[in-house]
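Raw input18.pdb, PDB, C-alpha atoms:
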```
ATOM      1  CA  MET B   1      41.585  51.217  19.556
ATOM      2  CA  ALA B   2      42.868  49.809  22.838
ATOM      3  CA  PHE B   3      44.620  46.439  22.771
ATOM      4  CA  GLU B   4      42.548  43.643  24.292
ATOM      5  CA  LEU B   5      43.598  40.176  25.382
ATOM      6  CA  PRO B   6      41.510  37.782  23.270
ATOM      7  CA  ASP B   7      40.052  34.626  24.781
ATOM      8  CA  LEU B   8      41.680  31.429  23.586
ATOM      9  CA  PRO B   9      39.563  29.859  20.813
ATOM     10  CA  TYR B  10      39.682  26.483  22.657
ATOM     11  CA  ASP B  11      39.967  25.318  26.242
ATOM     12  CA  TYR B  12      43.302  25.016  28.018
ATOM     13  CA  GLU B  13      43.436  21.229  27.579
ATOM     14  CA  ALA B  14      42.563  21.219  23.866
ATOM     15  CA  LEU B  15      46.090  21.113  22.456
ATOM     16  CA  GLN B  16      47.473  18.364  24.712
ATOM     17  CA  PRO B  17      49.735  16.431  24.511
ATOM     18  CA  TYR B  18      51.470  18.800  22.051
ATOM     19  CA  MET B  19      50.962  21.954  24.108
ATOM     20  CA  SER B  20      50.038  21.650  27.774
ATOM     21  CA  ARG B  21      47.493  23.507  29.858
ATOM     22  CA  GLU B  22      50.384  24.914  31.905
ATOM     23  CA  THR B  23      52.086  26.346  28.798
ATOM     24  CA  LEU B  24      48.860  27.976  27.600
ATOM     25  CA  GLU B  25      48.124  29.432  31.029
ATOM     26  CA  TYR B  26      51.574  31.002  31.268
ATOM     27  CA  HIS B  27      51.831  31.984  27.619
ATOM     28  CA  HIS B  28      48.333  33.440  27.166
ATOM     29  CA  ASP B  29      47.354  34.580  30.658
ATOM     30  CA  LYS B  30      50.744  35.980  31.713
ATOM     31  CA  HIS B  31      52.980  36.724  28.701
ATOM     32  CA  HIS B  32      50.340  37.862  26.202
ATOM     33  CA  LYS B  33      48.500  39.825  28.913
ATOM     34  CA  ALA B  34      51.727  41.675  29.738
ATOM     35  CA  TYR B  35      52.147  42.695  26.065
ATOM     36  CA  VAL B  36      48.569  44.014  26.071
ATOM     37  CA  ASP B  37      48.887  45.937  29.339
ATOM     38  CA  THR B  38      52.291  47.448  28.536
ATOM     39  CA  GLY B  39      51.304  48.070  24.909
ATOM     40  CA  ASN B  40      48.210  50.018  25.947
ATOM     41  CA  LYS B  41      50.223  52.212  28.296
ATOM     42  CA  LEU B  42      52.936  52.915  25.706
ATOM     43  CA  ALA B  43      50.463  53.434  22.827
ATOM     44  CA  ALA B  44      48.603  56.029  24.921
ATOM     45  CA  GLU B  45      51.866  57.800  25.757
ATOM     46  CA  ALA B  46      52.790  57.849  22.051
ATOM     47  CA  GLY B  47      49.344  59.130  21.005
ATOM     48  CA  MET B  48      48.700  55.950  18.997
ATOM     49  CA  ASP B  49      45.952  54.451  21.144
ATOM     50  CA  SER B  50      43.258  55.138  18.514
ATOM     51  CA  LEU B  51      45.112  53.186  15.796
ATOM     52  CA  SER B  52      44.637  49.540  14.820
ATOM     53  CA  VAL B  53      47.189  47.031  16.088
ATOM     54  CA  GLU B  54      48.629  46.703  12.558
ATOM     55  CA  GLU B  55      49.086  50.470  12.282
ATOM     56  CA  VAL B  56      50.757  50.716  15.703
ATOM     57  CA  VAL B  57      53.145  47.927  14.664
ATOM     58  CA  LYS B  58      54.058  49.639  11.389
ATOM     59  CA  GLN B  59      54.304  53.169  12.778
ATOM     60  CA  SER B  60      56.348  52.255  15.861
ATOM     61  CA  TYR B  61      58.860  50.053  13.990
ATOM     62  CA  GLY B  62      62.306  51.638  14.092
ATOM     63  CA  LYS B  63      60.980  54.671  16.001
ATOM     64  CA  ASN B  64      59.611  53.512  19.359
ATOM     65  CA  GLN B  65      61.238  50.202  20.243
ATOM     66  CA  ALA B  66      59.407  49.575  23.523
ATOM     67  CA  LEU B  67      55.995  50.170  21.946
ATOM     68  CA  PHE B  68      56.915  48.128  18.879
ATOM     69  CA  ASN B  69      58.058  45.176  21.010
ATOM     70  CA  ASN B  70      54.716  44.987  22.808
ATOM     71  CA  ALA B  71      52.477  45.844  19.847
ATOM     72  CA  GLY B  72      54.344  43.386  17.624
ATOM     73  CA  GLN B  73      54.024  40.597  20.137
ATOM     74  CA  HIS B  74      50.339  41.378  20.702
ATOM     75  CA  TYR B  75      49.673  41.219  16.957
ATOM     76  CA  ASN B  76      51.670  37.994  16.607
ATOM     77  CA  HIS B  77      49.843  36.303  19.471
ATOM     78  CA  ILE B  78      46.328  37.329  18.390
ATOM     79  CA  HIS B  79      46.995  35.189  15.327
ATOM     80  CA  PHE B  80      49.154  32.530  16.999
ATOM     81  CA  TRP B  81      46.243  31.238  19.112
ATOM     82  CA  ASN B  82      44.111  30.964  15.967
ATOM     83  CA  TRP B  83      46.863  29.268  13.963
ATOM     84  CA  MET B  84      46.426  26.229  16.217
ATOM     85  CA  LYS B  85      43.549  23.843  16.860
ATOM     86  CA  LYS B  86      42.848  20.429  18.307
ATOM     87  CA  GLY B  87      43.473  17.774  15.687
ATOM     88  CA  GLY B  88      45.240  20.215  13.352
ATOM     89  CA  GLY B  89      48.403  20.003  11.293
ATOM     90  CA  GLY B  90      49.446  17.442   8.745
ATOM     91  CA  LYS B  91      49.099  17.341   4.987
ATOM     92  CA  ASN B  92      45.340  17.829   4.638
ATOM     93  CA  LEU B  93      45.438  21.398   3.307
ATOM     94  CA  PRO B  94      42.613  23.351   1.679
ATOM     95  CA  GLY B  95      42.998  23.212  -2.122
ATOM     96  CA  ALA B  96      43.954  26.862  -2.743
ATOM     97  CA  LEU B  97      46.668  26.667  -0.111
ATOM     98  CA  GLN B  98      48.018  23.367  -1.415
ATOM     99  CA  THR B  99      48.217  24.825  -4.925
ATOM    100  CA  ALA B 100      50.115  27.901  -3.687
ATOM    101  CA  ILE B 101      52.515  25.820  -1.571
ATOM    102  CA  ASP B 102      53.151  23.533  -4.555
ATOM    103  CA  SER B 103      53.858  26.396  -6.952
ATOM    104  CA  ASP B 104      55.676  28.822  -4.620
ATOM    105  CA  LEU B 105      57.484  26.549  -2.146
ATOM    106  CA  GLY B 106      58.091  23.265  -3.960
ATOM    107  CA  GLY B 107      55.331  21.227  -2.300
ATOM    108  CA  TYR B 108      54.250  20.314   1.221
ATOM    109  CA  ASP B 109      57.301  18.254   2.244
ATOM    110  CA  LYS B 110      59.714  21.018   1.245
ATOM    111  CA  PHE B 111      57.525  23.627   2.966
ATOM    112  CA  ARG B 112      57.504  21.506   6.145
ATOM    113  CA  ALA B 113      61.291  21.077   6.159
ATOM    114  CA  ASP B 114      62.003  24.737   5.350
ATOM    115  CA  PHE B 115      59.464  26.119   7.854
ATOM    116  CA  ILE B 116      60.810  23.924  10.681
ATOM    117  CA  ASN B 117      64.372  24.866   9.716
ATOM    118  CA  ALA B 118      63.501  28.588   9.860
ATOM    119  CA  GLY B 119      62.274  28.088  13.434
ATOM    120  CA  VAL B 120      65.249  25.962  14.462
ATOM    121  CA  THR B 121      67.803  28.408  13.030
ATOM    122  CA  GLN B 122      66.216  31.596  14.434
ATOM    123  CA  PHE B 123      68.911  32.461  16.961
ATOM    124  CA  GLY B 124      67.467  33.403  20.331
ATOM    125  CA  SER B 125      63.870  34.563  20.580
ATOM    126  CA  GLY B 126      61.712  35.129  17.541
ATOM    127  CA  TRP B 127      59.280  33.636  15.043
ATOM    128  CA  ALA B 128      59.178  31.540  11.879
ATOM    129  CA  TRP B 129      56.647  32.574   9.240
ATOM    130  CA  LEU B 130      54.796  31.633   6.121
ATOM    131  CA  ALA B 131      54.136  35.031   4.548
ATOM    132  CA  PHE B 132      52.528  36.443   1.429
ATOM    133  CA  LYS B 133      55.027  38.807  -0.186
ATOM    134  CA  ASP B 134      55.323  40.194  -3.710
ATOM    135  CA  GLY B 135      52.405  38.073  -4.878
ATOM    136  CA  LYS B 136      53.634  34.726  -3.598
ATOM    137  CA  LEU B 137      54.287  32.649  -0.496
ATOM    138  CA  GLU B 138      57.634  32.922   1.246
ATOM    139  CA  ILE B 139      59.159  31.420   4.396
ATOM    140  CA  MET B 140      60.730  34.000   6.709
ATOM    141  CA  LYS B 141      62.101  34.246  10.226
ATOM    142  CA  THR B 142      62.312  37.299  12.446
ATOM    143  CA  PRO B 143      63.913  38.150  15.801
ATOM    144  CA  ASN B 144      61.948  39.037  18.934
ATOM    145  CA  GLY B 145      58.550  40.596  18.149
ATOM    146  CA  GLU B 146      59.182  41.428  14.494
ATOM    147  CA  ASN B 147      56.862  40.013  11.844
ATOM    148  CA  PRO B 148      56.463  40.152   8.057
ATOM    149  CA  LEU B 149      54.318  43.331   8.274
ATOM    150  CA  VAL B 150      57.483  45.396   8.746
ATOM    151  CA  HIS B 151      59.351  43.547   5.985
ATOM    152  CA  GLY B 152      56.913  44.079   3.134
ATOM    153  CA  GLY B 153      54.868  40.931   3.688
ATOM    154  CA  ILE B 154      51.680  39.699   5.330
ATOM    155  CA  PRO B 155      51.913  36.790   7.777
ATOM    156  CA  ILE B 156      49.564  33.910   7.038
ATOM    157  CA  LEU B 157      51.137  31.418   9.484
ATOM    158  CA  GLY B 158      53.582  31.947  12.319
ATOM    159  CA  VAL B 159      55.123  29.881  15.066
ATOM    160  CA  ASP B 160      56.503  31.377  18.267
ATOM    161  CA  VAL B 161      60.025  30.188  19.096
ATOM    162  CA  TRP B 162      60.465  32.212  22.285
ATOM    163  CA  GLU B 163      61.334  29.749  25.042
ATOM    164  CA  HIS B 164      58.105  30.454  26.945
ATOM    165  CA  SER B 165      56.250  28.894  24.019
ATOM    166  CA  TYR B 166      57.803  25.459  24.435
ATOM    167  CA  TYR B 167      60.150  25.136  27.421
ATOM    168  CA  ILE B 168      57.624  23.663  29.862
ATOM    169  CA  ASP B 169      56.705  20.892  27.398
ATOM    170  CA  TYR B 170      59.900  20.345  25.391
ATOM    171  CA  ARG B 171      62.699  21.869  27.505
ATOM    172  CA  ASN B 172      65.450  22.790  25.024
ATOM    173  CA  ALA B 173      64.182  20.538  22.198
ATOM    174  CA  ARG B 174      62.948  23.305  19.907
ATOM    175  CA  PRO B 175      62.967  21.043  16.775
ATOM    176  CA  LYS B 176      60.553  18.589  18.484
ATOM    177  CA  TYR B 177      58.199  21.446  19.359
ATOM    178  CA  LEU B 178      58.265  22.706  15.768
ATOM    179  CA  GLU B 179      57.601  19.227  14.372
ATOM    180  CA  ALA B 180      54.665  18.821  16.770
ATOM    181  CA  PHE B 181      53.318  22.233  15.750
ATOM    182  CA  VAL B 182      53.403  21.474  12.013
ATOM    183  CA  ASP B 183      52.238  17.865  12.251
ATOM    184  CA  ASN B 184      49.539  18.201  14.933
ATOM    185  CA  LEU B 185      48.500  21.788  15.650
ATOM    186  CA  ILE B 186      48.260  24.021  12.560
ATOM    187  CA  ASN B 187      44.742  25.297  11.880
ATOM    188  CA  TRP B 188      44.906  25.222   8.077
ATOM    189  CA  ASP B 189      41.448  26.803   7.760
ATOM    190  CA  TYR B 190      42.664  29.922   9.551
ATOM    191  CA  VAL B 191      45.838  29.949   7.424
ATOM    192  CA  LEU B 192      43.604  29.860   4.324
ATOM    193  CA  GLU B 193      41.531  32.746   5.716
ATOM    194  CA  CYS B 194      44.711  34.816   6.218
ATOM    195  CA  TYR B 195      45.962  33.843   2.747
ATOM    196  CA  GLU B 196      42.738  34.881   1.033
ATOM    197  CA  LYS B 197      42.707  38.202   2.915
ATOM    198  CA  ALA B 198      46.374  38.829   2.000
ATOM    199  CA  ARG B 199      45.696  38.190  -1.676
ATOM    200  CA  GLY B 200      42.809  40.686  -1.567
TER     201      GLY B 200
END
```
If you took the structure in this file and wrote it as structure tokens, what would it be?
Amino acid sequence: MAFELPDLPYDYEALQPYMSRETLEYHHDKHHKAYVDTGNKLAAEAGMDSLSVEEVVKQSYGKNQALFNNAGQHYNHIHFWNWMKKGGGGKNLPGALQTAIDSDLGGYDKFRADFINAGVTQFGSGWAWLAFKDGKLEIMKTPNGENPLVHGGIPILGVDVWEHSYYIDYRNARPKYLEAFVDNLINWDYVLECYEKARG
């Protein structure tokens, strides 16, 4: 199954003022496209081009770093675009998600603080995650293109803290970007969809 660059699920202006058209054009059209193109080439060379993205990520982890980097980032970004929407974010969560966040993470306000902190304290490039692991929700952070799939979890929400995700709009103010993401961009319906799938 060859990697394909998905279309954005909204137009390039949809996430302004929190994420600009320029950021989306660079991030989606250039960075994500490069992961797809390089990933396809490396997956073919490794004889993994018939596998799903998830399988390529899992099978290349720790064995084929170049392939893993590109496959991991492709997987992360497929979901990243869907984890955002115009008019998203904030405390208005679907009931099942609110219940899980209350019981597993100590409520919305604690989740918000801990999720933002995971992104702020991820040194260098990487991601902050809300993952489903061992039957409950957990906040994680990973370097570079790693994600919870290779650490025994399933990502249900992730935020990209590579500089190309925020530098045009926020310069070096990563905490402001993360606050804007949580408060104004998260597509909670898609998070719920991922959560329900993860729970089986």
Taking all atoms of stretch 77-85 of chain B that appear in the file, build a box with edges along x, y and z, extend it by 3 Å on every side, and state its centre and edge lengths in Å to one decimal, as JSON.
```
{"center_x": 46.7, "center_y": 30.6, "center_z": 16.7, "size_x": 12.3, "size_y": 19.5, "size_z": 11.5}
```
Suppose a student applies the PyMOL selection byres ((chain B and resi 114-131) around 8) to this structure; what residues should they get, written as a PDB file with C-alpha atoms, in the coordinates of the input?
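Once everything was written out, this is out25.pdb:
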```pdb
ATOM      1  CA  LYS B 110      59.714  21.018   1.245  1.00  0.00           C
ATOM      2  CA  PHE B 111      57.525  23.627   2.966  1.00  0.00           C
ATOM      3  CA  ARG B 112      57.504  21.506   6.145  1.00  0.00           C
ATOM      4  CA  ALA B 113      61.291  21.077   6.159  1.00  0.00           C
ATOM      5  CA  PHE B 132      52.528  36.443   1.429  1.00  0.00           C
ATOM      6  CA  LYS B 133      55.027  38.807  -0.186  1.00  0.00           C
ATOM      7  CA  LEU B 137      54.287  32.649  -0.496  1.00  0.00           C
ATOM      8  CA  GLU B 138      57.634  32.922   1.246  1.00  0.00           C
ATOM      9  CA  ILE B 139      59.159  31.420   4.396  1.00  0.00           C
ATOM     10  CA  MET B 140      60.730  34.000   6.709  1.00  0.00           C
ATOM     11  CA  LYS B 141      62.101  34.246  10.226  1.00  0.00           C
ATOM     12  CA  THR B 142      62.312  37.299  12.446  1.00  0.00           C
ATOM     13  CA  PRO B 143      63.913  38.150  15.801  1.00  0.00           C
ATOM     14  CA  ASN B 144      61.948  39.037  18.934  1.00  0.00           C
ATOM     15  CA  GLY B 145      58.550  40.596  18.149  1.00  0.00           C
ATOM     16  CA  GLU B 146      59.182  41.428  14.494  1.00  0.00           C
ATOM     17  CA  ASN B 147      56.862  40.013  11.844  1.00  0.00           C
ATOM     18  CA  PRO B 148      56.463  40.152   8.057  1.00  0.00           C
ATOM     19  CA  GLY B 153      54.868  40.931   3.688  1.00  0.00           C
ATOM     20  CA  ILE B 154      51.680  39.699   5.330  1.00  0.00           C
ATOM     21  CA  PRO B 155      51.913  36.790   7.777  1.00  0.00           C
ATOM     22  CA  ILE B 156      49.564  33.910   7.038  1.00  0.00           C
ATOM     23  CA  LEU B 157      51.137  31.418   9.484  1.00  0.00           C
ATOM     24  CA  GLY B 158      53.582  31.947  12.319  1.00  0.00           C
ATOM     25  CA  VAL B 159      55.123  29.881  15.066  1.00  0.00           C
ATOM     26  CA  ASP B 160      56.503  31.377  18.267  1.00  0.00           C
ATOM     27  CA  VAL B 161      60.025  30.188  19.096  1.00  0.00           C
ATOM     28  CA  TRP B 162      60.465  32.212  22.285  1.00  0.00           C
ATOM     29  CA  GLU B 163      61.334  29.749  25.042  1.00  0.00           C
ATOM     30  CA  ARG B 174      62.948  23.305  19.907  1.00  0.00           C
ATOM     31  CA  PRO B 175      62.967  21.043  16.775  1.00  0.00           C
ATOM     32  CA  LEU B 178      58.265  22.706  15.768  1.00  0.00           C
ATOM     33  CA  GLU B 179      57.601  19.227  14.372  1.00  0.00           C
ATOM     34  CA  VAL B 182      53.403  21.474  12.013  1.00  0.00           C
TER      35      VAL B 182
END
```
Can you turn the PyMOL selection byres ((chain B and resi 36) around 9) into a concrete residue list for this file, as a VMD selection string? chain B and resid 2 to 5 31 to 35 37 to 41 70 to 71 73 to 74
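Relative to atom CA of B:Lys91, atom CA of B:Ile186 is found at 10.1 Å.
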Please expand the PyMOL selection byres ((chain B and resi 10) around 10) into the concrete residues it hits in this file, giving the result as number ranges by chain. B: 7-9, 11-15, 81-82, 84-86
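Residue nearest B:Gly90, chosen from B:Tyr166, B:Tyr195, B:Tyr18, B:Tyr108 and counting all atoms listed in the file: B:Tyr108.
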Considering all atoms listed in the file, can you say which of B:Ile168, B:Gln98, B:His151, B:Asp134 comes closest to B:Val191?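 Under the stated criterion, the closest residue is B:Gln98.
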Could you tell me which of B:Gln65, B:Asn92, B:Gln59, B:Asn172 comes closest to B:Asn184 if we count all atoms listed in the file?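 Smallest distance to B:Asn184 is found for B:Asn92.
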When you draw a straight line from atom CA of B:Leu67 to atom CA of B:Leu51, how long is it in Å?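 About the pair atom CA of B:Leu67 and atom CA of B:Leu51: they are 12.9 Å apart.
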Would you mind reading off the distance between atom CA of B:Thr23 and atom CA of B:His164, one decimal, in Å? 7.5 Å
Determine the nearest neighbour of B:His28 from the options B:Ala44, B:Met1, B:Leu192, B:Ile78, counting all atoms listed in the file.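 Nearest to B:His28: B:Ile78.
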Pick the closest to B:Val53 from B:Leu149, B:Tyr26, B:Ala100, B:Ser165: which is it, counting all atoms listed in the file?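 Among the listed residues, B:Leu149 lies closest to B:Val53.
Nearest to B:Val150 of all the residues B:Tyr61, B:Tyr167, B:Trp188, B:Trp83 is B:Tyr61, based on all atoms listed in the file.
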